[in-house]
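Data file: entry-v4.cif. Format and content: mmCIF, C-alpha atoms.
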data_input
#
loop_
_atom_site.label_atom_id
_atom_site.label_comp_id
_atom_site.auth_asym_id
_atom_site.auth_seq_id
_atom_site.Cartn_x
_atom_site.Cartn_y
_atom_site.Cartn_z
CA ARG R 1 -14.30 26.95 64.66
CA LYS R 2 -18.04 27.62 64.60
CA THR R 3 -18.35 26.32 61.03
CA PHE R 4 -16.10 23.33 61.76
CA ASP R 5 -18.24 22.38 64.78
CA TYR R 6 -21.38 22.73 62.66
CA ILE R 7 -20.01 20.33 60.03
CA CYS R 8 -18.97 17.83 62.71
CA ASN R 9 -22.43 17.89 64.30
CA LEU R 10 -24.13 17.63 60.91
CA LEU R 11 -22.20 14.45 60.05
CA ARG R 12 -21.67 12.98 63.51
CA GLN R 13 -24.38 10.33 63.31
CA ASP R 14 -23.03 8.96 60.03
CA LEU R 15 -19.36 9.03 61.03
CA VAL R 16 -20.06 7.34 64.39
CA SER R 17 -22.67 4.78 63.30
CA ARG R 18 -20.73 3.27 60.42
CA PRO R 19 -18.18 0.57 61.36
CA PRO R 20 -14.92 2.39 62.09
CA SER R 21 -12.73 -0.61 61.21
CA GLY R 22 -9.20 0.49 60.46
CA LEU R 23 -9.85 4.13 61.35
CA ILE R 24 -7.02 4.42 63.86
CA ASN R 25 -4.07 6.74 64.22
CA ILE R 26 -0.45 5.82 64.84
CA GLU R 27 -1.18 5.51 68.58
CA GLY R 28 -3.78 2.83 67.92
CA ARG R 29 -6.74 4.98 68.95
CA LEU R 30 -9.99 5.28 67.03
CA LEU R 31 -10.31 8.54 65.15
CA THR R 32 -12.80 10.97 66.61
CA VAL R 33 -15.43 12.60 64.40
CA GLU R 34 -13.47 15.84 64.66
CA LYS R 35 -10.27 14.14 63.46
CA GLN R 36 -12.11 12.47 60.57
CA VAL R 37 -13.61 15.78 59.44
CA ALA R 38 -10.24 17.52 59.75
CA ILE R 39 -8.52 14.86 57.63
CA ALA R 40 -11.19 15.06 54.92
CA LEU R 41 -11.10 18.87 54.86
CA ARG R 42 -7.31 18.88 54.62
CA ARG R 43 -7.42 16.42 51.71
CA LEU R 44 -10.02 18.48 49.80
CA ALA R 45 -8.48 21.85 50.64
CA SER R 46 -4.86 20.99 49.87
CA GLY R 47 -5.30 18.56 47.00
CA ASP R 48 -2.15 16.83 48.29
CA PRO R 49 -1.75 13.08 47.67
CA GLN R 50 -3.31 10.83 50.28
CA VAL R 51 0.13 9.63 51.39
CA SER R 52 1.23 13.21 52.12
CA VAL R 53 -1.97 14.04 54.00
CA GLY R 54 -1.60 10.85 56.04
CA GLU R 55 1.98 11.70 56.99
CA GLN R 56 0.89 15.17 58.10
CA VAL R 57 -1.77 13.86 60.48
CA GLY R 58 -0.35 10.50 61.51
CA VAL R 59 -2.53 8.01 59.63
CA GLY R 60 -2.06 5.69 56.68
CA GLN R 61 -3.01 6.31 53.06
CA SER R 62 -5.94 3.89 53.18
CA THR R 63 -7.33 5.68 56.25
CA VAL R 64 -7.20 9.04 54.48
CA SER R 65 -9.01 7.51 51.51
CA GLN R 66 -11.70 5.85 53.64
CA VAL R 67 -12.24 8.89 55.89
CA THR R 68 -12.47 11.30 52.96
CA TRP R 69 -15.00 9.18 51.08
CA ARG R 70 -17.14 8.64 54.20
CA PHE R 71 -17.11 12.42 54.70
CA ILE R 72 -18.11 13.05 51.07
CA GLU R 73 -20.97 10.55 51.14
CA SER R 74 -22.34 11.97 54.38
CA LEU R 75 -22.07 15.65 53.45
CA GLU R 76 -23.59 14.99 50.03
CA GLU R 77 -26.71 13.74 51.80
CA ARG R 78 -26.79 15.84 54.97
CA GLY R 79 -25.67 19.17 53.50
CA ARG R 80 -27.61 19.24 50.24
CA HIS R 81 -30.17 21.68 51.71
CA HIS R 82 -27.48 24.38 51.58
CA LEU R 83 -27.65 24.28 47.78
CA LYS R 84 -31.10 25.60 46.94
CA TRP R 85 -32.81 28.17 44.79
CA PRO R 86 -33.63 31.30 46.84
CA ASP R 87 -37.13 31.65 48.26
CA ALA R 88 -39.36 34.72 47.82
CA SER R 89 -37.75 36.72 50.63
CA GLU R 90 -34.19 35.95 49.50
CA ILE R 91 -34.83 36.66 45.83
CA ASP R 92 -35.88 40.24 46.56
CA ASN R 93 -32.54 40.92 48.25
CA ILE R 94 -30.65 39.24 45.40
CA LYS R 95 -32.48 41.36 42.82
CA ALA R 96 -31.75 44.53 44.79
CA GLU R 97 -28.02 43.79 44.86
CA PHE R 98 -27.85 42.97 41.15
CA GLU R 99 -29.80 46.16 40.44
CA GLN R 100 -27.03 48.13 42.14
CA LEU R 101 -24.77 46.70 39.41
CA GLY R 102 -27.17 48.03 36.81
CA MET R 103 -29.14 44.84 36.09
CA PRO R 104 -32.72 45.18 37.45
CA ASN R 105 -34.72 42.02 38.22
CA CYS R 106 -31.65 39.80 37.75
CA CYS R 107 -31.74 36.59 39.81
CA GLY R 108 -28.29 35.13 39.22
CA ALA R 109 -25.20 34.68 37.03
CA ILE R 110 -24.34 31.47 35.16
CA ASP R 111 -20.92 30.17 34.13
CA VAL R 112 -19.03 26.94 33.40
CA THR R 113 -15.60 25.65 34.38
CA HIS R 114 -13.74 22.42 33.65
CA LEU R 115 -12.09 20.08 36.15
CA ILE R 116 -9.02 18.52 34.53
CA MET R 117 -8.48 14.80 34.95
CA THR R 118 -6.29 11.97 33.65
CA LEU R 119 -8.25 9.02 32.34
CA PRO R 120 -6.94 5.43 32.31
CA SER R 121 -5.77 4.58 28.79
CA VAL R 122 -8.54 2.00 28.39
CA GLU R 123 -11.15 4.72 29.03
CA SER R 124 -9.68 7.51 26.92
CA SER R 125 -12.43 9.03 24.85
CA ALA R 126 -12.87 12.13 22.69
CA ASP R 127 -16.10 12.78 24.62
CA TRP R 128 -14.03 14.00 27.57
CA TYR R 129 -11.69 16.14 25.45
CA ASP R 130 -12.38 19.85 25.96
CA GLU R 131 -11.48 22.90 23.84
CA GLU R 132 -8.02 23.07 25.44
CA GLN R 133 -7.35 19.47 24.34
CA LYS R 134 -7.48 18.19 27.92
CA TYR R 135 -9.63 15.53 29.53
CA SER R 136 -12.09 17.22 31.85
CA MET R 137 -15.48 17.17 33.53
CA ALA R 138 -17.72 20.23 33.23
CA LEU R 139 -19.26 22.15 36.12
CA GLN R 140 -22.08 24.63 35.48
CA VAL R 141 -23.03 26.99 38.32
CA ILE R 142 -25.58 29.71 38.97
CA VAL R 143 -24.59 32.10 41.75
CA ASP R 144 -26.04 35.01 43.70
CA PRO R 145 -24.25 38.36 44.32
CA HIS R 146 -22.47 36.89 47.36
CA MET R 147 -20.90 34.18 45.15
CA ARG R 148 -23.07 31.52 46.78
CA PHE R 149 -23.97 28.61 44.51
CA ARG R 150 -27.72 28.37 43.98
CA ASP R 151 -27.78 25.67 41.30
CA ILE R 152 -25.08 23.38 39.89
CA LEU R 153 -24.76 20.76 37.15
CA THR R 154 -21.80 18.41 36.84
CA GLY R 155 -20.87 14.93 35.68
CA TRP R 156 -20.96 15.75 31.97
CA PRO R 157 -17.92 15.42 29.63
CA GLY R 158 -15.71 18.44 29.00
CA SER R 159 -16.42 18.28 25.27
CA MET R 160 -19.93 19.67 25.82
CA ASN R 161 -20.30 23.40 25.16
CA GLU R 162 -22.22 25.81 27.40
CA PHE R 163 -25.52 25.54 25.51
CA ARG R 164 -25.53 21.72 25.48
CA LEU R 165 -24.81 21.68 29.20
CA LEU R 166 -27.58 24.16 29.85
CA ARG R 167 -30.10 22.17 27.80
CA ASN R 168 -29.30 19.05 29.86
CA SER R 169 -29.87 20.79 33.19
CA GLY R 170 -32.91 20.69 35.42
CA PHE R 171 -32.66 24.47 35.63
CA PHE R 172 -33.29 24.77 31.87
CA ARG R 173 -36.33 22.50 32.03
CA LEU R 174 -37.79 24.39 34.99
CA CYS R 175 -37.37 27.73 33.21
CA GLU R 176 -38.75 26.48 29.89
CA ASN R 177 -41.77 24.92 31.61
CA GLY R 178 -42.55 28.09 33.53
CA HIS R 179 -41.61 26.81 37.00
CA ARG R 180 -38.61 29.06 37.63
CA LEU R 181 -37.80 32.74 36.96
CA GLN R 182 -41.51 33.42 36.86
CA GLY R 183 -41.68 36.16 39.49
CA PRO R 184 -43.32 39.54 38.91
CA PRO R 185 -41.80 41.68 36.15
CA LYS R 186 -39.90 44.82 37.10
CA ARG R 187 -41.28 48.12 35.79
CA LEU R 188 -38.50 50.33 34.45
CA SER R 189 -38.40 54.10 34.46
CA GLU R 190 -39.23 54.29 30.74
CA GLY R 191 -42.53 52.49 31.37
CA LYS R 192 -41.25 49.16 30.04
CA GLN R 193 -41.13 45.92 31.98
CA ILE R 194 -38.45 43.25 32.35
CA CYS R 195 -39.08 39.68 33.54
CA GLU R 196 -36.81 37.69 35.85
CA TYR R 197 -33.61 36.36 34.28
CA VAL R 198 -30.02 35.24 34.81
CA VAL R 199 -26.96 36.63 33.00
CA GLY R 200 -24.37 34.64 31.04
CA ASP R 201 -21.48 35.38 28.69
CA LYS R 202 -21.61 35.30 24.89
CA ALA R 203 -21.14 31.51 24.81
CA TYR R 204 -24.79 31.20 25.88
CA PRO R 205 -27.83 31.74 23.66
CA LEU R 206 -30.08 34.74 24.20
CA LEU R 207 -33.29 33.45 25.83
CA PRO R 208 -36.31 35.16 27.43
CA TRP R 209 -34.83 34.31 30.83
CA LEU R 210 -31.07 34.43 29.98
CA LEU R 211 -29.48 37.73 28.95
CA THR R 212 -26.17 37.81 27.08
CA PRO R 213 -23.94 40.74 26.04
CA PHE R 214 -23.90 42.54 22.70
CA HIS R 215 -20.87 41.34 20.73
CA GLU R 216 -21.46 42.37 17.12
CA LYS R 217 -19.41 45.41 16.03
CA GLU R 218 -22.45 47.33 14.79
CA ASP R 219 -24.19 46.84 18.15
CA LEU R 220 -21.23 48.23 20.07
CA THR R 221 -21.36 51.57 18.30
CA ARG R 222 -24.41 52.57 20.37
CA GLU R 223 -23.73 54.16 23.75
CA ALA R 224 -26.75 52.43 25.36
CA ASN R 225 -25.47 49.02 24.27
CA MET R 226 -22.01 49.74 25.64
CA LEU R 227 -23.52 50.78 28.97
CA TYR R 228 -25.60 47.59 29.03
CA ASN R 229 -22.49 45.49 28.33
CA ARG R 230 -20.62 47.19 31.17
CA ASN R 231 -23.44 46.50 33.64
CA HIS R 232 -23.94 42.99 32.30
CA GLY R 233 -20.22 42.24 32.71
CA ALA R 234 -20.24 43.46 36.32
CA ALA R 235 -23.08 41.05 37.13
CA ALA R 236 -21.82 38.09 35.07
CA CYS R 237 -18.29 38.19 36.53
CA VAL R 238 -19.73 37.24 39.94
CA ALA R 239 -20.00 33.65 38.69
CA GLU R 240 -16.46 33.68 37.34
CA LYS R 241 -15.16 34.97 40.68
CA ALA R 242 -17.12 32.30 42.58
CA LEU R 243 -15.51 29.55 40.49
CA GLY R 244 -12.10 31.10 41.13
CA HIS R 245 -12.77 31.07 44.87
CA LEU R 246 -14.00 27.46 44.68
CA LYS R 247 -10.83 26.21 43.01
CA GLY R 248 -8.65 28.39 45.24
CA ALA R 249 -10.14 27.10 48.49
CA TRP R 250 -10.63 23.45 47.49
CA ARG R 251 -7.39 22.73 45.64
CA ILE R 252 -8.37 19.15 44.87
CA LEU R 253 -10.46 20.69 42.06
CA HIS R 254 -7.61 22.89 40.85
CA ARG R 255 -5.12 20.09 40.33
CA VAL R 256 -5.28 17.35 37.73
CA MET R 257 -7.46 14.52 39.00
CA TRP R 258 -5.33 11.39 38.59
CA ARG R 259 -7.44 8.67 37.00
CA PRO R 260 -10.59 9.50 38.95
CA ASP R 261 -13.64 7.31 39.22
CA LYS R 262 -16.03 9.22 36.94
CA ARG R 263 -18.95 8.05 39.09
CA LYS R 264 -17.39 9.48 42.26
CA LEU R 265 -15.99 12.71 40.82
CA PRO R 266 -19.40 14.47 40.64
CA SER R 267 -19.84 13.78 44.37
CA ILE R 268 -16.44 15.30 45.15
CA ILE R 269 -17.35 18.39 43.08
CA LEU R 270 -20.76 18.71 44.74
CA VAL R 271 -19.31 18.50 48.25
CA CYS R 272 -16.71 21.17 47.46
CA CYS R 273 -19.53 23.39 46.19
CA LEU R 274 -21.48 22.77 49.41
CA LEU R 275 -18.42 23.66 51.49
CA HIS R 276 -17.91 26.82 49.41
#

Written as structure tokens, how would this file's structure read?
Amino acid sequence: RKTFDYICNLLRQDLVSRPPSGLINIEGRLLTVEKQVAIALRRLASGDPQVSVGEQVGVGQSTVSQVTWRFIESLEERGRHHLKWPDASEIDNIKAEFEQLGMPNCCGAIDVTHLIMTLPSVESSADWYDEEQKYSMALQVIVDPHMRFRDILTGWPGSMNEFRLLRNSGFFRLCENGHRLQGPPKRLSEGKQICEYVVGDKAYPLLPWLLTPFHEKEDLTREANMLYNRNHGAAACVAEKALGHLKGAWRILHRVMWRPDKRKLPSIILVCCLLH
């Protein structure tokens, strides 16, 4: 209830000020802000067709569509501050929690998932064909130990691999230009130092600020490398779990998007990430 009230108050000005033409229920009454938010949340959380959602709450399909899109537009603007890179005080806590997993000075975990969609036949393109031979849109996320999204990238075709996605992200440019992951290095017990970094699976390249696991057979014969891989996996799986929670809570992302507007789909994905 507390979170629901917060969302209503955050969006109230937008949902009240815009012309509410047609936003009425079966009793002919204008929908309150609370009812609009509830309808939009039910649509995103269930992934049910708009007709089904409308029947559940006593409104028409067009009303569900209009309410949901108004909600998405408003939250995309009003709630964007919830998706931000941690400040100096937060990053220390994040590093401490990752260090408990055996990865000192780690600032996050990166991973990618694909949102499956059905394209109109006139728009079918190999660009949107992913490795599983499905049409999809990619979502790259960087998360903290609490599975909170700290940076996301979406809108790109499913055919792009992890490295191409990374290279097209603002996060990559910030790191390469020395504007992110530039905090003080951590001194290790052996007298060595390690700079700030994020962890990713073997699909990513090894970079000064992105650590990947050992995967060559000769590397895995060393006990130290195996220990590193175990700790690395414990930290990296946080991102995988976060994406699982995202799709589990906001089922609209888990189901096949039926002929979505590719310009609107990134906004839907962003808002679900903000709600997560």

For this session: Name the closest residue to Arg42 in chain R among the candidates R:Lys134, R:Arg251, R:His114, R:Arg70; distances are taken between atoms, counting only C-alpha atoms.
Result: R:Arg251

For this session: Mind giving me the straight-line distance from CA of Cys195 in chain R to CA of Leu165 in chain R in Å, one decimal?
Result: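 That distance, rounded to one decimal, is 23.4 Å.
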
Exercise. With only C-alpha atoms as the basis for distance, which of R:Val64, R:Ala126, R:Leu30, R:Lys247 is at the shortest distance from Arg43 in chain R?
Worked result: R:Val64

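The protein and nucleic acid residues lying at most 8 Å from Thr212 in chain R are Val199, Gly200, Asp201, Lys202, Tyr204, Pro205, Leu206 and His232 of chain R, with only C-alpha atoms considered and sequence neighbours fewer than 5 positions away removed.
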
For this session: Specify as a PyMOL selection string each residue included when the PyMOL selection byres ((chain R and resi 50-54) around 10) is applied to this file.
Result: chain R and resi 25+39-40+42-43+46-49+55-65+68

For the residues selected in the previous step, produce a file with C-alpha atoms as a JSON list (two decimals), keeping the file's coordinate frame.
[["chain", "number", "residue", "atom", "x", "y", "z"],
["R", 25, "ASN", "CA", -4.07, 6.74, 64.22],
["R", 39, "ILE", "CA", -8.52, 14.86, 57.63],
["R", 40, "ALA", "CA", -11.19, 15.06, 54.92],
["R", 42, "ARG", "CA", -7.31, 18.88, 54.62],
["R", 43, "ARG", "CA", -7.42, 16.42, 51.71],
["R", 46, "SER", "CA", -4.86, 20.99, 49.87],
["R", 47, "GLY", "CA", -5.30, 18.56, 47.00],
["R", 48, "ASP", "CA", -2.15, 16.83, 48.29],
["R", 49, "PRO", "CA", -1.75, 13.08, 47.67],
["R", 55, "GLU", "CA", 1.98, 11.70, 56.99],
["R", 56, "GLN", "CA", 0.89, 15.17, 58.10],
["R", 57, "VAL", "CA", -1.77, 13.86, 60.48],
["R", 58, "GLY", "CA", -0.35, 10.50, 61.51],
["R", 59, "VAL", "CA", -2.53, 8.01, 59.63],
["R", 60, "GLY", "CA", -2.06, 5.69, 56.68],
["R", 61, "GLN", "CA", -3.01, 6.31, 53.06],
["R", 62, "SER", "CA", -5.94, 3.89, 53.18],
["R", 63, "THR", "CA", -7.33, 5.68, 56.25],
["R", 64, "VAL", "CA", -7.20, 9.04, 54.48],
["R", 65, "SER", "CA", -9.01, 7.51, 51.51],
["R", 68, "THR", "CA", -12.47, 11.30, 52.96]]

Exercise. Any chance you could work out the residue set of the PyMOL selection byres ((chain R and resi 211) around 12) here, as a PyMOL selection string?
Worked result: chain R and resi 103-110+194-210+212-214+228-229+231-233+235-236

Problem set entry | Glu73 in chain R surroundings by all atoms listed in the file, 9 Å radius, close-in-sequence under 3 positions cut, as an MDAnalysis selection string | chainID R and resid 68:70 76:78 267:268 271

Exercise. Closest to Ala96 in chain R among R:Lys84, R:Val33, R:Asp219, R:Pro145, using all atoms listed in the file?
Worked result: R:Pro145

For this session: Quick one: pull the distance between CA of Ile91 in chain R and CA of Arg148 in chain R, Å, one decimal.
Result: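 Pair CA of Ile91 in chain R / CA of Arg148 in chain R returns 12.9 Å.
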
For this session: Return the single residue from R:Glu97, R:Trp85, R:Thr32, R:Leu115 that is closest to Leu174 in chain R, with distances computed using all atoms listed in the file.
Result: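 The shortest atom-to-atom distance to Leu174 in chain R comes from R:Trp85.
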
For this session: Quick one: pull the distance between CA of Glu99 in chain R and CA of Asp144 in chain R, Å, one decimal.
Result: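 Going from CA of Glu99 in chain R over to CA of Asp144 in chain R covers 12.2 Å.
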
Problem set entry | Protein, DNA and RNA residues within 8 Å of (-10.3, 19.6, 28.6), only C-alpha atoms, as a PyMOL selection string | chain R and resi 114-116+128-137+158-159

For this session: Could you tell me which of R:Asp151, R:Asn177, R:Gly183, R:Leu188 comes closest to Leu83 in chain R if we count all atoms listed in the file?
Result: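 Going through R:Asp151, R:Asn177, R:Gly183, R:Leu188 one by one, the smallest distance to Leu83 in chain R is for R:Asp151.
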
Problem set entry | Residue IDs satisfying the PyMOL selection byres ((chain R and resi 155) around 10), as a PyMOL selection string | chain R and resi 136-140+153-154+156-158+262-267+269-270

For this session: Within 10 Å of (-8.9, 27.3, 46.6) (coordinates as in the file), grab all the protein and nucleic acid residues, counting all atoms listed in the file, and write them out as a ChimeraX atom specification.
Result: /R:44-47,243-254,272,276

Residue selection dump (C-alpha atoms) as a PDB file, keeping the file's coordinate frame:
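Output file again-v2.pdb follows:
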ATOM      1  CA  LEU R  44     -10.020  18.480  49.800  1.00  0.00           C
ATOM      2  CA  ALA R  45      -8.480  21.850  50.640  1.00  0.00           C
ATOM      3  CA  SER R  46      -4.860  20.990  49.870  1.00  0.00           C
ATOM      4  CA  GLY R  47      -5.300  18.560  47.000  1.00  0.00           C
ATOM      5  CA  LEU R 243     -15.510  29.550  40.490  1.00  0.00           C
ATOM      6  CA  GLY R 244     -12.100  31.100  41.130  1.00  0.00           C
ATOM      7  CA  HIS R 245     -12.770  31.070  44.870  1.00  0.00           C
ATOM      8  CA  LEU R 246     -14.000  27.460  44.680  1.00  0.00           C
ATOM      9  CA  LYS R 247     -10.830  26.210  43.010  1.00  0.00           C
ATOM     10  CA  GLY R 248      -8.650  28.390  45.240  1.00  0.00           C
ATOM     11  CA  ALA R 249     -10.140  27.100  48.490  1.00  0.00           C
ATOM     12  CA  TRP R 250     -10.630  23.450  47.490  1.00  0.00           C
ATOM     13  CA  ARG R 251      -7.390  22.730  45.640  1.00  0.00           C
ATOM     14  CA  ILE R 252      -8.370  19.150  44.870  1.00  0.00           C
ATOM     15  CA  LEU R 253     -10.460  20.690  42.060  1.00  0.00           C
ATOM     16  CA  HIS R 254      -7.610  22.890  40.850  1.00  0.00           C
ATOM     17  CA  CYS R 272     -16.710  21.170  47.460  1.00  0.00           C
ATOM     18  CA  HIS R 276     -17.910  26.820  49.410  1.00  0.00           C
TER      19      HIS R 276
END

For this session: Identify which of the residues R:Ala239, R:Leu10, R:Ala88, R:Leu15 lies closest to Lys35 in chain R, counting only C-alpha atoms when measuring atom-to-atom distances.
Result: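 The shortest atom-to-atom distance to Lys35 in chain R comes from R:Leu15.
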
Which centre and edge lengths in Å to one decimal define the box along x, y and z that fits every listed atom of range 137-145 of chain R plus 4 Å per side, as lines of an AutoDock Vina configuration file?
center_x = -20.8
center_y = 27.8
center_z = 38.8
size_x = 18.6
size_y = 29.2
size_z = 19.1
